[in-house]
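**Student:** Okay, so here is data_10.txt, and as you'll see once you scroll down, it has compact mmCIF, C-alpha atoms and all ligand atoms.
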# COMPACT_ATOMS: atom_id res chain seq x y z
CA MET A 1 -36.37 -57.63 60.09
CA SER A 2 -37.03 -60.97 58.44
CA THR A 3 -34.48 -63.76 58.41
CA PRO A 4 -33.40 -64.74 54.89
CA VAL A 5 -34.52 -68.27 54.04
CA PRO A 6 -32.16 -70.27 51.80
CA ILE A 7 -33.66 -71.29 48.45
CA PRO A 8 -34.25 -75.06 48.54
CA ARG A 9 -32.10 -76.98 46.09
CA ARG A 10 -33.14 -80.14 44.31
CA LYS A 11 -31.39 -83.30 45.46
CA VAL A 12 -29.54 -85.63 43.14
CA THR A 13 -28.38 -89.17 43.85
CA VAL A 14 -24.83 -90.21 42.98
CA SER A 15 -22.53 -93.03 44.03
CA VAL A 16 -19.10 -92.58 45.57
CA ASP A 17 -16.94 -95.70 45.47
CA GLY A 18 -20.12 -97.79 45.19
CA ALA A 19 -22.02 -96.15 48.07
CA GLU A 20 -25.15 -94.18 47.23
CA ARG A 21 -25.13 -90.54 48.31
CA SER A 22 -27.66 -87.72 48.13
CA ALA A 23 -26.35 -84.26 47.29
CA ALA A 24 -27.79 -80.83 46.61
CA GLU A 25 -27.80 -79.91 42.94
CA GLY A 26 -24.91 -77.55 42.24
CA SER A 27 -22.56 -79.23 44.74
CA THR A 28 -19.27 -80.42 43.38
CA ILE A 29 -17.86 -83.93 43.38
CA LEU A 30 -15.42 -82.68 46.02
CA ASP A 31 -18.32 -81.59 48.26
CA VAL A 32 -19.97 -84.99 47.99
CA CYS A 33 -16.73 -86.87 48.61
CA ARG A 34 -16.03 -84.80 51.71
CA ASP A 35 -19.57 -85.38 52.98
CA ALA A 36 -18.95 -89.09 52.49
CA GLY A 37 -15.70 -88.90 54.46
CA VAL A 38 -13.60 -89.63 51.37
CA GLU A 39 -10.44 -87.56 51.20
CA VAL A 40 -9.60 -85.97 47.86
CA PRO A 41 -6.32 -84.00 47.74
CA THR A 42 -6.49 -80.39 46.58
CA ILE A 43 -3.91 -77.66 46.01
CA CYS A 44 -5.47 -74.93 43.87
CA TRP A 45 -8.91 -75.28 45.46
CA ALA A 46 -9.87 -73.11 48.45
CA PRO A 47 -13.24 -72.76 50.17
CA THR A 48 -13.39 -69.05 49.45
CA ILE A 49 -12.14 -69.05 45.85
CA THR A 50 -13.77 -70.20 42.61
CA PRO A 51 -11.84 -73.24 41.32
CA VAL A 52 -9.59 -72.65 38.33
CA ASN A 53 -8.50 -76.26 37.72
CA ALA A 54 -4.85 -75.35 37.80
CA CYS A 55 -3.31 -78.31 39.60
CA ARG A 56 -5.42 -81.38 38.70
CA VAL A 57 -4.42 -83.22 41.86
CA CYS A 58 -8.08 -83.72 42.76
CA VAL A 59 -8.97 -85.94 39.79
CA VAL A 60 -11.43 -88.82 40.11
CA GLU A 61 -12.85 -91.41 37.72
CA LEU A 62 -16.35 -90.86 36.40
CA GLU A 63 -18.31 -93.65 34.75
CA GLY A 64 -18.75 -92.80 31.06
CA SER A 65 -15.97 -90.20 30.99
CA ARG A 66 -12.90 -91.01 28.92
CA THR A 67 -10.69 -88.69 30.98
CA LEU A 68 -10.31 -88.20 34.71
CA VAL A 69 -12.27 -85.20 35.95
CA PRO A 70 -11.33 -82.53 38.52
CA ALA A 71 -13.49 -83.10 41.60
CA CYS A 72 -13.13 -79.53 42.86
CA SER A 73 -14.98 -77.93 39.98
CA ARG A 74 -17.24 -80.59 38.42
CA PRO A 75 -20.85 -80.25 39.63
CA VAL A 76 -22.67 -83.47 40.45
CA THR A 77 -25.54 -84.64 38.27
CA GLU A 78 -28.14 -87.33 38.78
CA GLY A 79 -26.77 -90.87 38.58
CA MET A 80 -23.05 -90.02 38.52
CA GLU A 81 -20.82 -92.94 39.44
CA ILE A 82 -17.63 -91.58 41.01
CA ARG A 83 -14.56 -93.65 41.84
CA THR A 84 -11.83 -92.06 43.91
CA GLY A 85 -9.26 -94.69 44.75
CA GLY A 86 -8.40 -96.70 41.61
CA ASP A 87 -4.90 -97.19 40.18
CA ARG A 88 -5.49 -94.63 37.44
CA VAL A 89 -6.53 -91.95 39.91
CA ARG A 90 -3.64 -92.69 42.26
CA ALA A 91 -1.11 -92.71 39.41
CA SER A 92 -2.35 -89.37 38.12
CA ARG A 93 -2.29 -87.73 41.52
CA ARG A 94 1.16 -89.15 42.24
CA MET A 95 2.47 -87.77 38.95
CA VAL A 96 1.11 -84.28 39.66
CA LEU A 97 2.52 -84.20 43.18
CA GLU A 98 5.86 -85.64 42.12
CA LEU A 99 6.37 -83.25 39.20
CA LEU A 100 5.55 -80.28 41.44
CA ALA A 101 7.96 -81.49 44.11
CA SER A 102 10.64 -82.12 41.50
CA SER A 103 10.57 -78.53 40.26
CA VAL A 104 9.87 -76.40 43.35
CA ASP A 105 10.70 -76.58 47.04
CA LEU A 106 7.65 -77.89 48.91
CA SER A 107 9.34 -78.27 52.28
CA ARG A 108 7.21 -75.45 53.76
CA ALA A 109 3.94 -76.50 52.15
CA GLU A 110 0.75 -77.08 54.12
CA ALA A 111 0.83 -80.22 56.27
CA ASP A 112 -1.73 -81.98 54.05
CA ILE A 113 0.42 -81.50 50.94
CA LEU A 114 3.45 -82.92 52.74
CA ARG A 115 1.35 -85.89 53.85
CA TRP A 116 0.05 -86.54 50.32
CA LEU A 117 3.60 -86.48 48.96
CA GLU A 118 4.30 -89.40 51.31
CA GLU A 119 1.00 -91.23 50.94
CA TYR A 120 1.12 -91.22 47.15
CA GLY A 121 4.68 -92.53 47.18
CA THR A 122 6.25 -89.65 45.27
CA ASP A 123 9.96 -89.76 44.47
CA PRO A 124 10.98 -86.37 43.00
CA GLU A 125 14.67 -87.35 43.05
CA ARG A 126 14.15 -89.98 40.36
CA HIS A 127 13.90 -87.15 37.82
CA GLY A 128 17.64 -86.61 38.26
CA ALA A 129 19.83 -84.03 39.91
CA ASP A 130 20.02 -82.02 36.70
CA ARG A 131 16.23 -81.66 36.31
CA ALA A 132 14.86 -78.17 35.72
CA ARG A 133 14.09 -76.35 38.97
CA VAL A 134 12.46 -73.00 39.52
CA SER A 135 15.19 -70.64 40.60
CA GLU A 136 14.03 -67.26 41.82
CA PRO A 137 15.70 -64.96 44.33
CA VAL A 138 13.92 -64.43 47.64
CA ARG A 139 12.16 -61.06 47.43
CA ARG A 140 12.22 -59.22 50.70
CA HIS A 141 11.48 -55.53 50.70
CA ASP A 142 9.97 -54.79 54.08
CA GLU A 143 9.02 -56.25 57.44
CA LEU A 144 5.58 -57.40 56.30
CA TYR A 145 5.93 -60.32 53.91
CA VAL A 146 8.44 -62.20 51.81
CA ARG A 147 7.96 -63.67 48.33
CA ASP A 148 9.93 -66.87 47.86
CA TYR A 149 8.86 -68.06 44.42
CA ASP A 150 11.18 -71.09 44.49
CA ARG A 151 8.23 -72.58 46.35
CA CYS A 152 5.45 -71.46 44.01
CA VAL A 153 3.30 -74.13 42.32
CA LEU A 154 1.36 -71.59 40.23
CA CYS A 155 -1.94 -72.49 41.81
CA TYR A 156 -3.32 -68.99 40.96
CA LYS A 157 -4.89 -68.60 44.40
CA CYS A 158 -2.91 -65.44 45.20
CA VAL A 159 -3.84 -63.89 41.85
CA ASP A 160 -7.51 -64.62 42.43
CA ALA A 161 -7.45 -63.38 46.04
CA CYS A 162 -5.79 -60.16 44.87
CA GLY A 163 -8.36 -59.88 42.07
CA THR A 164 -12.03 -60.65 41.81
CA GLU A 165 -12.27 -63.21 44.63
CA ALA A 166 -11.48 -60.81 47.45
CA GLN A 167 -9.34 -57.72 47.11
CA TYR A 168 -10.05 -56.25 43.64
CA THR A 169 -6.56 -54.72 43.59
CA PHE A 170 -5.10 -56.75 40.70
CA ALA A 171 -1.52 -56.11 41.81
CA ILE A 172 -0.26 -59.51 40.63
CA ALA A 173 -0.79 -61.83 37.69
CA VAL A 174 0.90 -64.75 35.95
CA ALA A 175 3.65 -63.61 33.57
CA GLY A 176 5.63 -65.72 31.10
CA ARG A 177 4.84 -69.08 29.59
CA GLY A 178 5.61 -72.73 30.16
CA PHE A 179 8.37 -73.35 32.68
CA ASP A 180 9.08 -69.59 32.82
CA ALA A 181 5.54 -68.79 33.96
CA ARG A 182 5.67 -66.98 37.28
CA ILE A 183 3.70 -64.67 39.55
CA SER A 184 4.62 -61.06 38.90
CA THR A 185 3.58 -57.51 39.58
CA GLU A 186 2.73 -55.37 36.56
CA TYR A 187 5.97 -54.73 34.61
CA ASP A 188 7.70 -56.81 37.29
CA VAL A 189 8.22 -53.73 39.49
CA GLU A 190 9.17 -54.29 43.13
CA LEU A 191 6.23 -54.72 45.46
CA PRO A 192 6.38 -51.29 47.13
CA GLU A 193 6.16 -49.67 43.67
CA SER A 194 3.27 -51.88 42.56
CA ALA A 195 -0.46 -51.52 43.16
CA CYS A 196 -0.19 -53.81 46.23
CA VAL A 197 -2.00 -52.47 49.28
CA TYR A 198 -0.48 -55.04 51.64
CA CYS A 199 -3.72 -56.69 52.66
CA GLY A 200 -1.91 -60.04 52.81
CA ASN A 201 -4.86 -61.91 51.34
CA CYS A 202 -2.49 -63.59 48.91
CA ILE A 203 -0.46 -64.92 51.85
CA GLY A 204 -3.65 -66.18 53.47
CA VAL A 205 -4.38 -68.51 50.55
CA CYS A 206 -0.85 -69.56 49.52
CA PRO A 207 -0.50 -73.30 50.19
CA THR A 208 3.26 -73.63 49.85
CA GLY A 209 4.97 -70.91 51.86
CA ALA A 210 5.92 -69.01 48.71
CA LEU A 211 4.18 -66.00 50.28
CA ILE A 212 4.99 -65.77 53.95
CA PHE A 213 5.03 -63.28 56.82
CA THR A 214 8.52 -61.85 57.26
CA ARG A 215 8.55 -62.80 60.90
CA GLU A 216 7.64 -66.41 60.11
CA PHE A 217 10.24 -66.46 57.32
CA ASP A 218 12.92 -65.33 59.76
CA LEU A 219 11.89 -67.95 62.32
CA ARG A 220 12.08 -70.69 59.71
CA GLU A 221 15.36 -69.52 58.21
CA SER A 222 17.01 -69.37 61.63
CA GLY A 223 15.83 -72.91 62.41
CA ARG A 224 13.80 -71.69 65.39
CA PHE A 225 10.34 -72.37 63.91
CA ASP A 226 8.81 -74.87 66.34
CA PRO A 227 5.15 -75.94 65.94
CA GLU A 228 5.35 -77.68 69.33
CA ASP A 229 5.87 -74.31 70.96
CA GLN A 230 3.11 -72.42 69.13
CA ALA A 231 -0.43 -71.33 69.92
CA VAL A 232 -3.34 -69.85 67.99
CA THR A 233 -5.53 -67.31 69.77
CA THR A 234 -8.77 -66.10 68.22
CA THR A 235 -9.70 -62.51 68.95
CA VAL A 236 -11.48 -59.56 67.38
CA CYS A 237 -9.53 -56.99 65.39
CA PRO A 238 -9.21 -53.83 67.50
CA TYR A 239 -8.90 -51.31 64.68
CA CYS A 240 -12.50 -50.60 63.61
CA GLY A 241 -16.07 -51.63 64.25
CA VAL A 242 -16.49 -54.26 61.53
CA GLY A 243 -15.66 -57.07 63.93
CA CYS A 244 -13.27 -59.24 61.91
CA ASN A 245 -12.04 -62.30 63.74
CA LEU A 246 -8.28 -62.65 63.89
CA GLU A 247 -6.31 -65.82 64.58
CA LEU A 248 -3.00 -64.81 66.13
CA HIS A 249 -0.31 -67.44 65.60
CA THR A 250 2.36 -67.04 68.27
CA GLN A 251 5.66 -68.55 69.31
CA ASP A 252 7.55 -67.40 72.39
CA GLY A 253 4.83 -64.82 72.96
CA GLU A 254 5.50 -63.16 69.56
CA ILE A 255 2.95 -63.00 66.77
CA PHE A 256 4.44 -64.42 63.58
CA ARG A 257 1.31 -64.84 61.41
CA VAL A 258 -2.28 -63.51 61.40
CA THR A 259 -5.16 -65.28 59.68
CA SER A 260 -8.95 -65.15 59.79
CA PRO A 261 -11.26 -68.18 59.66
CA ASP A 262 -12.45 -69.08 56.15
CA ASP A 263 -15.98 -69.51 57.47
CA HIS A 264 -16.15 -66.17 59.28
CA GLU A 265 -19.24 -64.39 57.95
CA VAL A 266 -17.51 -61.00 57.76
CA THR A 267 -14.05 -61.86 56.42
CA SER A 268 -14.33 -65.20 54.60
CA GLY A 269 -10.68 -65.47 55.59
CA HIS A 270 -9.65 -62.12 54.11
CA LEU A 271 -8.37 -59.08 56.02
CA CYS A 272 -7.03 -55.56 55.45
CA ILE A 273 -3.51 -54.34 56.14
CA LYS A 274 -4.33 -53.27 59.69
CA GLY A 275 -5.80 -56.59 60.79
CA ARG A 276 -3.16 -58.60 58.95
CA PHE A 277 -0.01 -56.71 59.86
CA GLY A 278 -0.86 -54.10 62.49
CA TYR A 279 0.24 -56.10 65.50
CA GLU A 280 3.54 -54.44 66.32
CA TYR A 281 2.05 -52.77 69.36
CA ALA A 282 1.21 -56.14 70.89
CA GLY A 283 4.73 -57.56 70.76
CA GLY A 284 8.20 -56.86 71.97
CA ARG A 285 9.61 -55.30 68.81
CA ARG A 286 8.18 -51.88 69.49
CA ARG A 287 9.68 -51.97 72.94
CA GLU A 288 13.03 -53.05 71.50
CA ARG A 289 12.92 -50.09 69.15
CA LEU A 290 12.22 -47.45 71.76
CA PRO A 291 15.17 -45.04 71.71
CA GLU A 292 17.34 -45.19 74.76
CA GLY A 293 15.63 -43.16 77.43
CA GLY A 294 12.59 -42.87 75.12
CA SER A 295 9.11 -42.55 76.49
CA GLU A 296 7.29 -45.74 77.31
CA ALA A 297 3.99 -43.94 77.65
CA GLY A 298 1.28 -45.64 75.72
CA ARG A 299 3.13 -48.98 75.63
CA ASP A 300 0.01 -50.88 76.60
CA ALA A 301 -2.50 -48.38 75.33
CA GLY A 302 -3.62 -50.49 72.36
CA PRO A 303 -3.50 -49.78 68.65
CA PRO A 304 -2.85 -46.36 67.20
CA ALA A 305 -5.94 -44.48 66.06
S1 LIG B 401 -0.94 -58.10 49.65
FE1 LIG B 401 -3.07 -57.80 48.88
S2 LIG B 401 -2.87 -56.22 47.29
FE2 LIG B 401 -0.79 -57.00 47.68
S3 LIG B 401 -0.48 -58.61 46.15
FE3 LIG B 401 -1.28 -59.63 48.01
S4 LIG B 401 -3.52 -59.70 47.73
FE4 LIG B 401 -2.71 -58.19 46.24
S1 LIG B 402 2.60 -67.70 45.26
FE1 LIG B 402 1.45 -69.25 46.43
S2 LIG B 402 -0.72 -68.77 46.07
FE2 LIG B 402 0.47 -67.71 44.49
S3 LIG B 402 0.46 -69.10 42.74
FE3 LIG B 402 2.34 -69.48 43.92
S4 LIG B 402 1.82 -71.16 45.32
FE4 LIG B 402 -0.12 -70.33 44.54
S1 LIG B 403 -7.70 -78.82 43.42
FE1 LIG B 403 -8.94 -79.36 41.74
S2 LIG B 403 -7.77 -78.75 40.02
FE2 LIG B 403 -6.56 -78.11 41.72
Output the file's structure as structure tokens, nothing else.
**Tutor:**
Amino acid sequence: MSTPVPIPRRKVTVSVDGAERSAAEGSTILDVCRDAGVEVPTICWAPTITPVNACRVCVVELEGSRTLVPACSRPVTEGMEIRTGGDRVRASRRMVLELLASSVDLSRAEADILRWLEEYGTDPERHGADRARVSEPVRRHDELYVRDYDRCVLCYKCVDACGTEAQYTFAIAVAGRGFDARISTEYDVELPESACVYCGNCIGVCPTGALIFTREFDLRESGRFDPEDQAVTTTVCPYCGVGCNLELHTQDGEIFRVTSPDDHEVTSGHLCIKGRFGYEYAGGRRRERLPEGGSEAGRDAGPPA
């Protein structure tokens, strides 16, 4: 069997904050900035999903362009002069971050987002206590995952992961317009009645905690969520022969979240329901649920067939 050889790509030369850089044609401004060690914040971008330009927090200045351009989706071309740190860029990013934080609860967002809120000097409170806020009930229907759309920034990543970027199930989409726009199942039916197959790929890409494992949600709500006391163990999913890598996030010996590495050649970060949620047998809950005097046979026998 022959090894596939990547097609060589032409190189282009651009400048990032005055420093000349060489980049493969077809790379994005974000790629080049990251290669140059220049941080550009992103929310709606993900390595495994085609950018949809939903958040605009990644904007940079481009010589000759009247408007700021989104770094995550704009391909580089020969001679581009990119500036990432000017007042205009910082003001725009601060505005995006601040408006998001003023309308939804970002307290459980990814660590980078929380850091950018600080670094860009956002002050959501200055928009007043009576500002419009997203107000959605927590949707909890089972022991798998919770939807807490008070935290949703409408980045579209879950919709894309459920659709053509990974799962091809199309169980969710954006409904409504303007401030009332929200993520919804078809006809807004409850999740168990929808087309959802519980792969959890939407949770895997959600940057804000709006989609969250039920067990993690419970830990956070009870105030017991403690990153200092957590570990991540990489293993191989035991359910079939595909060989998906799993990252088991644990606290107190209990799995509260399962992910897969974005750069894993089989999963690209996506899993099926068994890999994502089929870990009951490994934890204490099954033991807790054994009926009094019930059989313990098979307790350590591994996953069900
Ligand atoms: S769990 Fe899977 S099928 Fe269900 S909404 Fe999320 S991505 Fe779609
Ligand atoms: S639920 Fe999460 S992934 Fe989906 S649009 Fe909202 S913030 Fe993005
Ligand atoms: S990260 Fe580029 S538009 Fe959202």
**Student:** Counting only C-alpha atoms, which residue out of A:Thr164, A:Ser194, A:Gln251, A:Ser135 sits closest to A:Thr50?
**Tutor:** A:Thr164
**Student:** Using only C-alpha atoms for the distances, tell me which of A:Leu97, A:Ile203, A:Leu211, A:Val197 is nearest to A:Asp150.
**Tutor:**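 When distances to A:Asp150 are compared using only C-alpha atoms, the smallest one comes from A:Leu211.
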**Student:** Taking all atoms listed in the file into account, report as a PyMOL selection string which residues have an atom no farther than 7 Å from an atom of ligand LIG 402 (chain B).
**Tutor:** chain A and resi 149+151-159+183+202-203+205-211
**Student:** Which protein, DNA or RNA residues are at most 12 Å from (1.2, -94.3, 47.9) in the file's coordinates when you count only C-alpha atoms, listed as a list of chain:residue names?
**Tutor:**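 The answer, in the requested form, is A:Gly85, A:Gly86, A:Asp87, A:Val89, A:Arg90, A:Ala91, A:Ser92, A:Arg93, A:Arg94, A:Met95, A:Leu97, A:Glu98, A:Arg115, A:Trp116, A:Leu117, A:Glu118, A:Glu119, A:Tyr120, A:Gly121, A:Thr122, A:Asp123.
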**Student:** Sorted by chain and rising residue number, list the residues of chain A at most 10 Å from ligand LIG 401 (chain B) (counting all atoms listed in the file), each with its closest atom pair and distance in Å to one decimal, as JSON lines.
**Tutor:**
{"residue": "A:Leu144", "atom": "CA", "partner": "B:LIG401", "partner_atom": "S1", "distance": 9.3}
{"residue": "A:Tyr145", "atom": "CA", "partner": "B:LIG401", "partner_atom": "S1", "distance": 8.4}
{"residue": "A:Lys157", "atom": "CA", "partner": "B:LIG401", "partner_atom": "S4", "distance": 9.6}
{"residue": "A:Cys158", "atom": "CA", "partner": "B:LIG401", "partner_atom": "S4", "distance": 6.3}
{"residue": "A:Val159", "atom": "CA", "partner": "B:LIG401", "partner_atom": "S4", "distance": 7.2}
{"residue": "A:Asp160", "atom": "CA", "partner": "B:LIG401", "partner_atom": "S4", "distance": 8.3}
{"residue": "A:Ala161", "atom": "CA", "partner": "B:LIG401", "partner_atom": "S4", "distance": 5.6}
{"residue": "A:Cys162", "atom": "CA", "partner": "B:LIG401", "partner_atom": "S4", "distance": 3.7}
{"residue": "A:Gly163", "atom": "CA", "partner": "B:LIG401", "partner_atom": "FE4", "distance": 7.2}
{"residue": "A:Glu165", "atom": "CA", "partner": "B:LIG401", "partner_atom": "S4", "distance": 9.9}
{"residue": "A:Ala166", "atom": "CA", "partner": "B:LIG401", "partner_atom": "S4", "distance": 8.0}
{"residue": "A:Gln167", "atom": "CA", "partner": "B:LIG401", "partner_atom": "S4", "distance": 6.2}
{"residue": "A:Tyr168", "atom": "CA", "partner": "B:LIG401", "partner_atom": "FE4", "distance": 8.0}
{"residue": "A:Thr169", "atom": "CA", "partner": "B:LIG401", "partner_atom": "S2", "distance": 5.4}
{"residue": "A:Phe170", "atom": "CA", "partner": "B:LIG401", "partner_atom": "FE4", "distance": 6.2}
{"residue": "A:Ala171", "atom": "CA", "partner": "B:LIG401", "partner_atom": "FE4", "distance": 5.0}
{"residue": "A:Ile172", "atom": "CA", "partner": "B:LIG401", "partner_atom": "S3", "distance": 5.6}
{"residue": "A:Ala173", "atom": "CA", "partner": "B:LIG401", "partner_atom": "S3", "distance": 9.1}
{"residue": "A:Ile183", "atom": "CA", "partner": "B:LIG401", "partner_atom": "S3", "distance": 9.9}
{"residue": "A:Ser184", "atom": "CA", "partner": "B:LIG401", "partner_atom": "S3", "distance": 9.2}
{"residue": "A:Thr185", "atom": "CA", "partner": "B:LIG401", "partner_atom": "S3", "distance": 7.8}
{"residue": "A:Leu191", "atom": "CA", "partner": "B:LIG401", "partner_atom": "FE2", "distance": 7.7}
{"residue": "A:Pro192", "atom": "CA", "partner": "B:LIG401", "partner_atom": "FE2", "distance": 9.2}
{"residue": "A:Ser194", "atom": "CA", "partner": "B:LIG401", "partner_atom": "FE2", "distance": 8.3}
{"residue": "A:Ala195", "atom": "CA", "partner": "B:LIG401", "partner_atom": "S2", "distance": 6.7}
{"residue": "A:Cys196", "atom": "CA", "partner": "B:LIG401", "partner_atom": "FE2", "distance": 3.6}
{"residue": "A:Val197", "atom": "CA", "partner": "B:LIG401", "partner_atom": "S2", "distance": 4.3}
{"residue": "A:Tyr198", "atom": "CA", "partner": "B:LIG401", "partner_atom": "S1", "distance": 3.7}
{"residue": "A:Cys199", "atom": "CA", "partner": "B:LIG401", "partner_atom": "FE1", "distance": 4.0}
{"residue": "A:Gly200", "atom": "CA", "partner": "B:LIG401", "partner_atom": "S1", "distance": 3.8}
{"residue": "A:Asn201", "atom": "CA", "partner": "B:LIG401", "partner_atom": "S4", "distance": 4.4}
{"residue": "A:Cys202", "atom": "CA", "partner": "B:LIG401", "partner_atom": "S4", "distance": 4.2}
{"residue": "A:Ile203", "atom": "CA", "partner": "B:LIG401", "partner_atom": "FE3", "distance": 6.6}
{"residue": "A:Gly204", "atom": "CA", "partner": "B:LIG401", "partner_atom": "S4", "distance": 8.7}
{"residue": "A:Val205", "atom": "CA", "partner": "B:LIG401", "partner_atom": "S4", "distance": 9.3}
{"residue": "A:Leu211", "atom": "CA", "partner": "B:LIG401", "partner_atom": "FE3", "distance": 8.7}
{"residue": "A:His270", "atom": "CA", "partner": "B:LIG401", "partner_atom": "S4", "distance": 9.2}
{"residue": "A:Leu271", "atom": "CA", "partner": "B:LIG401", "partner_atom": "FE1", "distance": 9.0}
{"residue": "A:Cys272", "atom": "CA", "partner": "B:LIG401", "partner_atom": "FE1", "distance": 8.0}
{"residue": "A:Ile273", "atom": "CA", "partner": "B:LIG401", "partner_atom": "S1", "distance": 7.9}
{"residue": "A:Arg276", "atom": "CA", "partner": "B:LIG401", "partner_atom": "S1", "distance": 9.6}
**Student:** Around ligand LIG 403 (chain B), at most 9 Å away and counting only C-alpha atoms and all ligand atoms, which residues are there? Put them as a PyMOL selection string, please.
**Tutor:** chain A and resi 30+40-46+51-59+69-73+155
**Student:** List the residues sitting within 12 Å of (-9.9, -57.4, 62.7) in the file's frame, using all atoms listed in the file, as a count of residues only.
**Tutor:** 35
**Student:** Record the distance separating atom CA of A:Pro124 and atom CA of A:Asp17, expressed in Å with one decimal.
**Tutor:**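 So the answer is 29.5 Å.
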**Student:** Please determine, counting only C-alpha atoms, which residue among A:Val76, A:Arg140, A:Ile113, A:Ser222 has the shortest atom-to-atom distance to A:Val96.
**Tutor:**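 Ranked by minimum distance to A:Val96, first place goes to A:Ile113.
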**Student:** Could you tell me how far atom CA of A:Ile212 lies from atom CA of A:Leu106, in Å and to one decimal?
**Tutor:** 13.4 Å
**Student:** Using only C-alpha atoms, which of A:Ser268, A:Arg182, A:Leu68, A:Glu216 sits nearest A:Ile255?
**Tutor:**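 Of all the options, A:Glu216 lies closest to A:Ile255.
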